[in-house]
Amino acid sequence: MMTQVYLGLGANVKPQASLQAGVAELREQFGAIDLSPVYLAPAIGMNGPDFLNMVVRFACPMSLSELMTWIRRVEAKHGRIRPAAANDKPASHGLDMDVLLFGELVDSELKVPRPDILTCAYVLQPLADLAPNLVHPCSGQSMAQLHSNCSLAQHLSQVQLSF
């Protein structure tokens, strides 16, 4: 069974190369993928360079657990080092891949759908660009509606990047 998955990709260490590597890994593993525009966003909650962020959609034959294991392996391969403790301050990093939506799954313990969809413009903007009619499984609103009603005061600039 295939599940429609939306992943957020971001990086502020070698961000262009990191996103390109992430997209290449996703294409190699899952075949056809859809890409949002790429946005430049300031680092939030940390000192560091700006981030490049985007969203990717694909059909996934894996379970969520299998996908998370694959993601962590790909992130590590491309230099991502996760904080040792959950309360450690965020730090600049290379490729970061976050499951935003995994089909219709709602699991607050696993953070699916990812809360950042509703709180971070760098997640909501590319998601609304890629899937404006997609309905958020908890709010019942489309991504376009969420975006048009949002008051997230985060400045984003679209960046052209080739994949």
# chains A, B, ... in the order shown; residues from 1 in each chain; ligands from 1

$ closest_atom_pairs --of "range 84-134 of chain A" --to "range 38-52 of chain A" --cutoff "12 Å" --atoms "only C-alpha atoms" --output "JSON lines"
{"residue": "A:Asp88", "atom": "CA", "partner": "A:Met46", "partner_atom": "CA", "distance": 11.2}
{"residue": "A:Lys89", "atom": "CA", "partner": "A:Met46", "partner_atom": "CA", "distance": 7.4}
{"residue": "A:Pro90", "atom": "CA", "partner": "A:Met46", "partner_atom": "CA", "distance": 6.2}
{"residue": "A:Ala91", "atom": "CA", "partner": "A:Met46", "partner_atom": "CA", "distance": 6.4}
{"residue": "A:Ser92", "atom": "CA", "partner": "A:Gly48", "partner_atom": "CA", "distance": 6.0}
{"residue": "A:His93", "atom": "CA", "partner": "A:Phe51", "partner_atom": "CA", "distance": 9.2}
{"residue": "A:Gly94", "atom": "CA", "partner": "A:Phe51", "partner_atom": "CA", "distance": 9.6}
{"residue": "A:Leu95", "atom": "CA", "partner": "A:Leu52", "partner_atom": "CA", "distance": 9.9}
{"residue": "A:Asp96", "atom": "CA", "partner": "A:Leu52", "partner_atom": "CA", "distance": 10.4}
{"residue": "A:Thr119", "atom": "CA", "partner": "A:Ile44", "partner_atom": "CA", "distance": 11.8}
{"residue": "A:Cys120", "atom": "CA", "partner": "A:Ile44", "partner_atom": "CA", "distance": 9.6}
{"residue": "A:Ala121", "atom": "CA", "partner": "A:Ala41", "partner_atom": "CA", "distance": 8.7}
{"residue": "A:Tyr122", "atom": "CA", "partner": "A:Ala41", "partner_atom": "CA", "distance": 6.5}
{"residue": "A:Val123", "atom": "CA", "partner": "A:Tyr39", "partner_atom": "CA", "distance": 9.4}
{"residue": "A:Leu124", "atom": "CA", "partner": "A:Tyr39", "partner_atom": "CA", "distance": 11.0}
{"residue": "A:Gln125", "atom": "CA", "partner": "A:Tyr39", "partner_atom": "CA", "distance": 8.5}
{"residue": "A:Pro126", "atom": "CA", "partner": "A:Val38", "partner_atom": "CA", "distance": 7.2}
{"residue": "A:Leu127", "atom": "CA", "partner": "A:Val38", "partner_atom": "CA", "distance": 10.6}
{"residue": "A:Asp129", "atom": "CA", "partner": "A:Val38", "partner_atom": "CA", "distance": 10.2}
{"residue": "A:Leu130", "atom": "CA", "partner": "A:Val38", "partner_atom": "CA", "distance": 10.8}

$ atom_distance --atom1 "CA of Ala144 in chain A" --atom2 "CA of Ala128 in chain A"
5.2 Å

$ residues_around --residues "Thr3 in chain A" --least-positions-apart "3" --cutoff "12 Å" --atoms "only C-alpha atoms" --output "list in words"
Tyr6, Phe30, Arg57, Phe58, Ala59, Cys60, Pro61, Met62, Ser63, Leu64, Leu67, Leu101, Phe102, Gly103, Glu104 and Leu105 of chain A

$ residues_around --residues "Lys111 in chain A" --least-positions-apart "2" --cutoff "12 Å" --atoms "only C-alpha atoms" --output "list in words"
Leu64, Asp98, Val99, Leu100, Leu101, Phe102, Leu105, Val106, Asp107, Ser108, Glu109, Pro113, Arg114, Pro115, Asp116 and Ile117 of chain A

$ closest_residue --among "A:Asn133, A:Ser139, A:Ser162, A:Gln20" --to "His78 in chain A" --atoms "only C-alpha atoms"
A:Gln20

$ atom_distance --atom1 "CA of Ile81 in chain A" --atom2 "CA of Leu26 in chain A"
19.4 Å

$ select_by_dssp --residues "range 32-132 of chain A" --states "helix (DSSP H, G or I)" --output "MDAnalysis selection string"
chainID A and resid 64:77 116:119 121:130

$ write_last_selection --atoms "C-alpha atoms" --output "CSV table (one decimal), in the first residue's frame"
chain,number,residue,atom,x,y,z
A,64,LEU,CA,6.1,5.5,9.1
A,65,SER,CA,8.7,3.7,11.2
A,66,GLU,CA,10.6,2.4,8.2
A,67,LEU,CA,10.5,5.9,6.6
A,68,MET,CA,11.8,7.5,9.8
A,69,THR,CA,14.7,5.0,9.9
A,70,TRP,CA,15.5,5.7,6.2
A,71,ILE,CA,15.4,9.5,6.8
A,72,ARG,CA,17.8,9.3,9.8
A,73,ARG,CA,20.2,7.2,7.7
A,74,VAL,CA,20.0,9.7,4.8
A,75,GLU,CA,20.5,12.7,7.1
A,76,ALA,CA,23.5,11.1,8.8
A,77,LYS,CA,25.0,10.3,5.4
A,116,ASP,CA,5.3,23.3,12.4
A,117,ILE,CA,2.7,23.4,9.6
A,118,LEU,CA,0.6,25.7,11.8
A,119,THR,CA,3.4,27.7,13.4
A,121,ALA,CA,5.9,30.1,7.6
A,122,TYR,CA,8.9,28.2,6.2
A,123,VAL,CA,6.8,25.0,6.4
A,124,LEU,CA,3.3,26.3,5.6
A,125,GLN,CA,4.3,28.5,2.6
A,126,PRO,CA,6.0,25.8,0.5
A,127,LEU,CA,3.3,23.2,1.5
A,128,ALA,CA,0.5,25.6,0.4
A,129,ASP,CA,2.4,26.2,-2.9
A,130,LEU,CA,2.8,22.5,-3.5

$ atom_distance --atom1 "CA of Ala11 in chain A" --atom2 "CA of Gly79 in chain A"
10.7 Å

$ select_by_dssp --residues "chain A" --states "strand (DSSP E or B)" --output "PyMOL selection string"
chain A and resi 3-11+34-35+38-41+51-60+96-102+107+112+135+142+157-159

$ write_last_selection --atoms "N, CA and C atoms" --output "short mmCIF file (atom, residue, chain, number, x, y, z; two decimals), in the first residue's frame"
data_model
loop_
_atom_site.label_atom_id
_atom_site.label_comp_id
_atom_site.auth_asym_id
_atom_site.auth_seq_id
_atom_site.Cartn_x
_atom_site.Cartn_y
_atom_site.Cartn_z
N THR A 3 1.40 5.33 0.62
CA THR A 3 0.90 6.43 1.43
C THR A 3 1.44 7.73 0.85
N GLN A 4 0.57 8.73 0.72
CA GLN A 4 1.00 10.05 0.26
C GLN A 4 1.74 10.73 1.41
N VAL A 5 2.99 11.10 1.17
CA VAL A 5 3.83 11.69 2.20
C VAL A 5 4.28 13.08 1.78
N TYR A 6 4.32 13.98 2.74
CA TYR A 6 4.87 15.31 2.55
C TYR A 6 6.02 15.46 3.53
N LEU A 7 7.21 15.74 2.99
CA LEU A 7 8.39 15.95 3.82
C LEU A 7 8.84 17.39 3.70
N GLY A 8 9.25 17.96 4.82
CA GLY A 8 9.91 19.26 4.80
C GLY A 8 11.40 19.01 4.76
N LEU A 9 12.09 19.71 3.86
CA LEU A 9 13.55 19.63 3.78
C LEU A 9 14.10 21.01 4.10
N GLY A 10 15.16 21.05 4.88
CA GLY A 10 15.78 22.31 5.22
C GLY A 10 17.25 22.13 5.53
N ALA A 11 18.00 23.22 5.40
CA ALA A 11 19.43 23.21 5.73
C ALA A 11 19.94 24.64 5.80
N ASP A 34 7.29 15.29 -6.21
CA ASP A 34 6.88 16.66 -6.55
C ASP A 34 7.57 17.60 -5.59
N LEU A 35 8.02 18.74 -6.13
CA LEU A 35 8.79 19.70 -5.34
C LEU A 35 8.07 21.04 -5.24
N VAL A 38 11.58 26.72 -3.38
CA VAL A 38 12.54 26.78 -2.27
C VAL A 38 12.48 28.19 -1.70
N TYR A 39 12.52 28.28 -0.37
CA TYR A 39 12.46 29.57 0.31
C TYR A 39 13.65 29.76 1.22
N LEU A 40 14.12 30.99 1.26
CA LEU A 40 15.16 31.42 2.19
C LEU A 40 14.45 31.98 3.41
N ALA A 41 14.82 31.51 4.59
CA ALA A 41 14.17 31.96 5.82
C ALA A 41 15.24 32.16 6.90
N PHE A 51 18.24 29.68 6.47
CA PHE A 51 17.93 28.34 5.98
C PHE A 51 17.33 28.40 4.59
N LEU A 52 17.54 27.34 3.83
CA LEU A 52 16.74 27.07 2.65
C LEU A 52 15.77 25.97 3.04
N ASN A 53 14.50 26.15 2.67
CA ASN A 53 13.45 25.19 3.02
C ASN A 53 12.59 24.90 1.82
N MET A 54 12.06 23.69 1.78
CA MET A 54 11.14 23.27 0.72
C MET A 54 10.32 22.09 1.23
N VAL A 55 9.31 21.71 0.43
CA VAL A 55 8.49 20.55 0.75
C VAL A 55 8.49 19.62 -0.46
N VAL A 56 8.51 18.32 -0.19
CA VAL A 56 8.51 17.29 -1.21
C VAL A 56 7.33 16.36 -0.96
N ARG A 57 6.65 15.97 -2.06
CA ARG A 57 5.52 15.03 -1.97
C ARG A 57 5.87 13.79 -2.77
N PHE A 58 5.52 12.61 -2.23
CA PHE A 58 5.75 11.36 -2.95
C PHE A 58 4.87 10.26 -2.39
N ALA A 59 4.73 9.20 -3.17
CA ALA A 59 4.01 8.01 -2.73
C ALA A 59 5.02 7.09 -2.06
N CYS A 60 4.70 6.65 -0.85
CA CYS A 60 5.66 5.88 -0.05
C CYS A 60 5.12 4.49 0.26
N ASP A 96 18.13 18.33 6.75
CA ASP A 96 17.14 17.97 7.76
C ASP A 96 15.87 17.59 7.01
N MET A 97 15.33 16.43 7.31
CA MET A 97 14.10 15.96 6.66
C MET A 97 13.07 15.66 7.74
N ASP A 98 11.92 16.32 7.66
CA ASP A 98 10.86 16.13 8.65
C ASP A 98 9.59 15.65 7.97
N VAL A 99 8.97 14.61 8.53
CA VAL A 99 7.68 14.16 8.03
C VAL A 99 6.64 15.19 8.47
N LEU A 100 6.02 15.85 7.49
CA LEU A 100 4.97 16.82 7.78
C LEU A 100 3.62 16.12 7.85
N LEU A 101 3.34 15.30 6.85
CA LEU A 101 2.08 14.56 6.77
C LEU A 101 2.38 13.16 6.26
N PHE A 102 1.75 12.18 6.86
CA PHE A 102 1.88 10.79 6.43
C PHE A 102 0.47 10.29 6.20
N ASP A 107 -1.13 11.46 14.93
CA ASP A 107 -0.50 10.85 16.09
C ASP A 107 0.33 11.91 16.80
N VAL A 112 2.74 13.83 14.08
CA VAL A 112 2.19 13.77 12.73
C VAL A 112 0.70 14.04 12.83
N VAL A 135 -6.11 19.08 2.58
CA VAL A 135 -6.76 19.43 3.84
C VAL A 135 -5.93 18.93 5.02
N SER A 142 -7.90 23.70 4.18
CA SER A 142 -6.90 23.43 3.16
C SER A 142 -5.63 24.21 3.48
N SER A 157 11.89 34.54 1.31
CA SER A 157 12.14 34.94 -0.08
C SER A 157 12.32 33.68 -0.89
N GLN A 158 11.67 33.65 -2.04
CA GLN A 158 11.80 32.49 -2.92
C GLN A 158 13.18 32.51 -3.58
N VAL A 159 13.77 31.32 -3.70
CA VAL A 159 15.12 31.15 -4.26
C VAL A 159 15.02 30.16 -5.41
#

$ closest_residue --among "A:His147, A:Phe163, A:Met2, A:Cys138" --to "Leu19 in chain A" --atoms "only C-alpha atoms"
A:Phe163

$ decode --residues "range 16-65 of chain A" --atoms "N, CA and C atoms" --output "mmCIF file, in the first residue's frame"
data_model
loop_
_atom_site.group_PDB
_atom_site.id
_atom_site.type_symbol
_atom_site.label_atom_id
_atom_site.label_comp_id
_atom_site.auth_asym_id
_atom_site.auth_seq_id
_atom_site.Cartn_x
_atom_site.Cartn_y
_atom_site.Cartn_z
ATOM 1 N N GLN A 16 22.294 24.670 -0.373
ATOM 2 C CA GLN A 16 21.933 24.248 -1.734
ATOM 3 C C GLN A 16 22.343 22.807 -1.976
ATOM 4 N N ALA A 17 23.577 22.472 -1.641
ATOM 5 C CA ALA A 17 24.068 21.107 -1.832
ATOM 6 C C ALA A 17 23.272 20.125 -0.974
ATOM 7 N N SER A 18 22.906 20.532 0.239
ATOM 8 C CA SER A 18 22.143 19.656 1.131
ATOM 9 C C SER A 18 20.768 19.344 0.551
ATOM 10 N N LEU A 19 20.043 20.366 0.076
ATOM 11 C CA LEU A 19 18.720 20.122 -0.500
ATOM 12 C C LEU A 19 18.829 19.297 -1.782
ATOM 13 N N GLN A 20 19.817 19.594 -2.605
ATOM 14 C CA GLN A 20 19.991 18.825 -3.837
ATOM 15 C C GLN A 20 20.284 17.360 -3.517
ATOM 16 N N ALA A 21 21.095 17.111 -2.492
ATOM 17 C CA ALA A 21 21.395 15.729 -2.089
ATOM 18 C C ALA A 21 20.136 15.048 -1.568
ATOM 19 N N GLY A 22 19.336 15.755 -0.787
ATOM 20 C CA GLY A 22 18.101 15.187 -0.264
ATOM 21 C C GLY A 22 17.133 14.822 -1.368
ATOM 22 N N VAL A 23 16.961 15.706 -2.335
ATOM 23 C CA VAL A 23 16.064 15.439 -3.461
ATOM 24 C C VAL A 23 16.580 14.246 -4.264
ATOM 25 N N ALA A 24 17.889 14.176 -4.489
ATOM 26 C CA ALA A 24 18.467 13.044 -5.232
ATOM 27 C C ALA A 24 18.209 11.729 -4.493
ATOM 28 N N GLU A 25 18.383 11.722 -3.173
ATOM 29 C CA GLU A 25 18.131 10.503 -2.377
ATOM 30 C C GLU A 25 16.659 10.099 -2.471
ATOM 31 N N LEU A 26 15.759 11.085 -2.386
ATOM 32 C CA LEU A 26 14.323 10.787 -2.467
ATOM 33 C C LEU A 26 13.956 10.220 -3.839
ATOM 34 N N ARG A 27 14.495 10.812 -4.887
ATOM 35 C CA ARG A 27 14.215 10.297 -6.240
ATOM 36 C C ARG A 27 14.734 8.876 -6.411
ATOM 37 N N GLU A 28 15.923 8.629 -5.889
ATOM 38 C CA GLU A 28 16.514 7.294 -6.012
ATOM 39 C C GLU A 28 15.665 6.258 -5.271
ATOM 40 N N GLN A 29 15.158 6.621 -4.095
ATOM 41 C CA GLN A 29 14.397 5.673 -3.277
ATOM 42 C C GLN A 29 12.939 5.536 -3.705
ATOM 43 N N PHE A 30 12.299 6.677 -4.092
ATOM 44 C CA PHE A 30 10.848 6.658 -4.302
ATOM 45 C C PHE A 30 10.417 6.954 -5.737
ATOM 46 N N GLY A 31 11.350 7.290 -6.608
ATOM 47 C CA GLY A 31 10.981 7.567 -7.995
ATOM 48 C C GLY A 31 10.439 8.983 -8.147
ATOM 49 N N ALA A 32 9.248 9.074 -8.688
ATOM 50 C CA ALA A 32 8.646 10.384 -8.970
ATOM 51 C C ALA A 32 8.320 11.117 -7.677
ATOM 52 N N ILE A 33 8.786 12.365 -7.603
ATOM 53 C CA ILE A 33 8.475 13.222 -6.458
ATOM 54 C C ILE A 33 8.061 14.589 -6.989
ATOM 55 N N ASP A 34 7.290 15.295 -6.211
ATOM 56 C CA ASP A 34 6.883 16.658 -6.548
ATOM 57 C C ASP A 34 7.569 17.604 -5.590
ATOM 58 N N LEU A 35 8.016 18.740 -6.125
ATOM 59 C CA LEU A 35 8.788 19.701 -5.338
ATOM 60 C C LEU A 35 8.075 21.042 -5.239
ATOM 61 N N SER A 36 8.126 21.633 -4.071
ATOM 62 C CA SER A 36 7.644 23.000 -3.882
ATOM 63 C C SER A 36 8.744 23.959 -4.312
ATOM 64 N N PRO A 37 8.428 25.250 -4.380
ATOM 65 C CA PRO A 37 9.500 26.225 -4.506
ATOM 66 C C PRO A 37 10.394 26.171 -3.255
ATOM 67 N N VAL A 38 11.583 26.715 -3.378
ATOM 68 C CA VAL A 38 12.541 26.782 -2.272
ATOM 69 C C VAL A 38 12.485 28.191 -1.699
ATOM 70 N N TYR A 39 12.517 28.275 -0.374
ATOM 71 C CA TYR A 39 12.459 29.570 0.305
ATOM 72 C C TYR A 39 13.652 29.760 1.220
ATOM 73 N N LEU A 40 14.124 30.992 1.263
ATOM 74 C CA LEU A 40 15.163 31.416 2.192
ATOM 75 C C LEU A 40 14.451 31.984 3.410
ATOM 76 N N ALA A 41 14.815 31.508 4.586
ATOM 77 C CA ALA A 41 14.174 31.957 5.819
ATOM 78 C C ALA A 41 15.238 32.162 6.897
ATOM 79 N N PRO A 42 15.048 33.167 7.740
ATOM 80 C CA PRO A 42 16.013 33.371 8.824
ATOM 81 C C PRO A 42 16.000 32.205 9.804
ATOM 82 N N ALA A 43 17.145 31.949 10.412
ATOM 83 C CA ALA A 43 17.238 30.925 11.459
ATOM 84 C C ALA A 43 16.384 31.392 12.643
ATOM 85 N N ILE A 44 15.564 30.495 13.164
ATOM 86 C CA ILE A 44 14.687 30.830 14.292
ATOM 87 C C ILE A 44 15.131 30.033 15.506
ATOM 88 N N GLY A 45 15.316 30.721 16.624
ATOM 89 C CA GLY A 45 15.691 30.044 17.863
ATOM 90 C C GLY A 45 17.155 29.685 17.955
ATOM 91 N N MET A 46 17.962 30.229 17.052
ATOM 92 C CA MET A 46 19.404 29.949 17.071
ATOM 93 C C MET A 46 20.132 31.050 16.326
ATOM 94 N N ASN A 47 21.410 31.176 16.627
ATOM 95 C CA ASN A 47 22.263 32.063 15.843
ATOM 96 C C ASN A 47 22.842 31.229 14.725
ATOM 97 N N GLY A 48 22.750 31.733 13.513
ATOM 98 C CA GLY A 48 23.302 30.984 12.398
ATOM 99 C C GLY A 48 22.820 31.567 11.093
ATOM 100 N N PRO A 49 23.360 31.063 10.006
ATOM 101 C CA PRO A 49 22.958 31.558 8.690
ATOM 102 C C PRO A 49 21.504 31.208 8.388
ATOM 103 N N ASP A 50 20.953 31.887 7.399
ATOM 104 C CA ASP A 50 19.595 31.617 6.953
ATOM 105 C C ASP A 50 19.470 30.188 6.445
ATOM 106 N N PHE A 51 18.243 29.684 6.470
ATOM 107 C CA PHE A 51 17.929 28.342 5.983
ATOM 108 C C PHE A 51 17.334 28.399 4.585
ATOM 109 N N LEU A 52 17.539 27.338 3.832
ATOM 110 C CA LEU A 52 16.744 27.073 2.646
ATOM 111 C C LEU A 52 15.774 25.968 3.038
ATOM 112 N N ASN A 53 14.499 26.152 2.674
ATOM 113 C CA ASN A 53 13.452 25.195 3.022
ATOM 114 C C ASN A 53 12.586 24.904 1.815
ATOM 115 N N MET A 54 12.064 23.687 1.780
ATOM 116 C CA MET A 54 11.142 23.267 0.724
ATOM 117 C C MET A 54 10.318 22.093 1.229
ATOM 118 N N VAL A 55 9.311 21.711 0.432
ATOM 119 C CA VAL A 55 8.487 20.550 0.749
ATOM 120 C C VAL A 55 8.491 19.621 -0.461
ATOM 121 N N VAL A 56 8.511 18.321 -0.188
ATOM 122 C CA VAL A 56 8.513 17.291 -1.215
ATOM 123 C C VAL A 56 7.331 16.356 -0.964
ATOM 124 N N ARG A 57 6.652 15.974 -2.056
ATOM 125 C CA ARG A 57 5.521 15.032 -1.966
ATOM 126 C C ARG A 57 5.875 13.790 -2.774
ATOM 127 N N PHE A 58 5.520 12.609 -2.231
ATOM 128 C CA PHE A 58 5.754 11.365 -2.953
ATOM 129 C C PHE A 58 4.867 10.261 -2.393
ATOM 130 N N ALA A 59 4.727 9.203 -3.167
ATOM 131 C CA ALA A 59 4.010 8.007 -2.729
ATOM 132 C C ALA A 59 5.021 7.085 -2.063
ATOM 133 N N CYS A 60 4.703 6.654 -0.851
ATOM 134 C CA CYS A 60 5.662 5.883 -0.045
ATOM 135 C C CYS A 60 5.121 4.492 0.258
ATOM 136 N N PRO A 61 5.893 3.441 -0.081
ATOM 137 C CA PRO A 61 5.467 2.078 0.229
ATOM 138 C C PRO A 61 5.838 1.641 1.651
ATOM 139 N N MET A 62 6.585 2.471 2.370
ATOM 140 C CA MET A 62 7.075 2.114 3.700
ATOM 141 C C MET A 62 6.069 2.472 4.789
ATOM 142 N N SER A 63 6.247 1.848 5.944
ATOM 143 C CA SER A 63 5.521 2.279 7.142
ATOM 144 C C SER A 63 6.188 3.568 7.630
ATOM 145 N N LEU A 64 5.534 4.275 8.531
ATOM 146 C CA LEU A 64 6.134 5.495 9.079
ATOM 147 C C LEU A 64 7.439 5.168 9.792
ATOM 148 N N SER A 65 7.482 4.089 10.530
ATOM 149 C CA SER A 65 8.691 3.693 11.237
ATOM 150 C C SER A 65 9.839 3.416 10.258
#
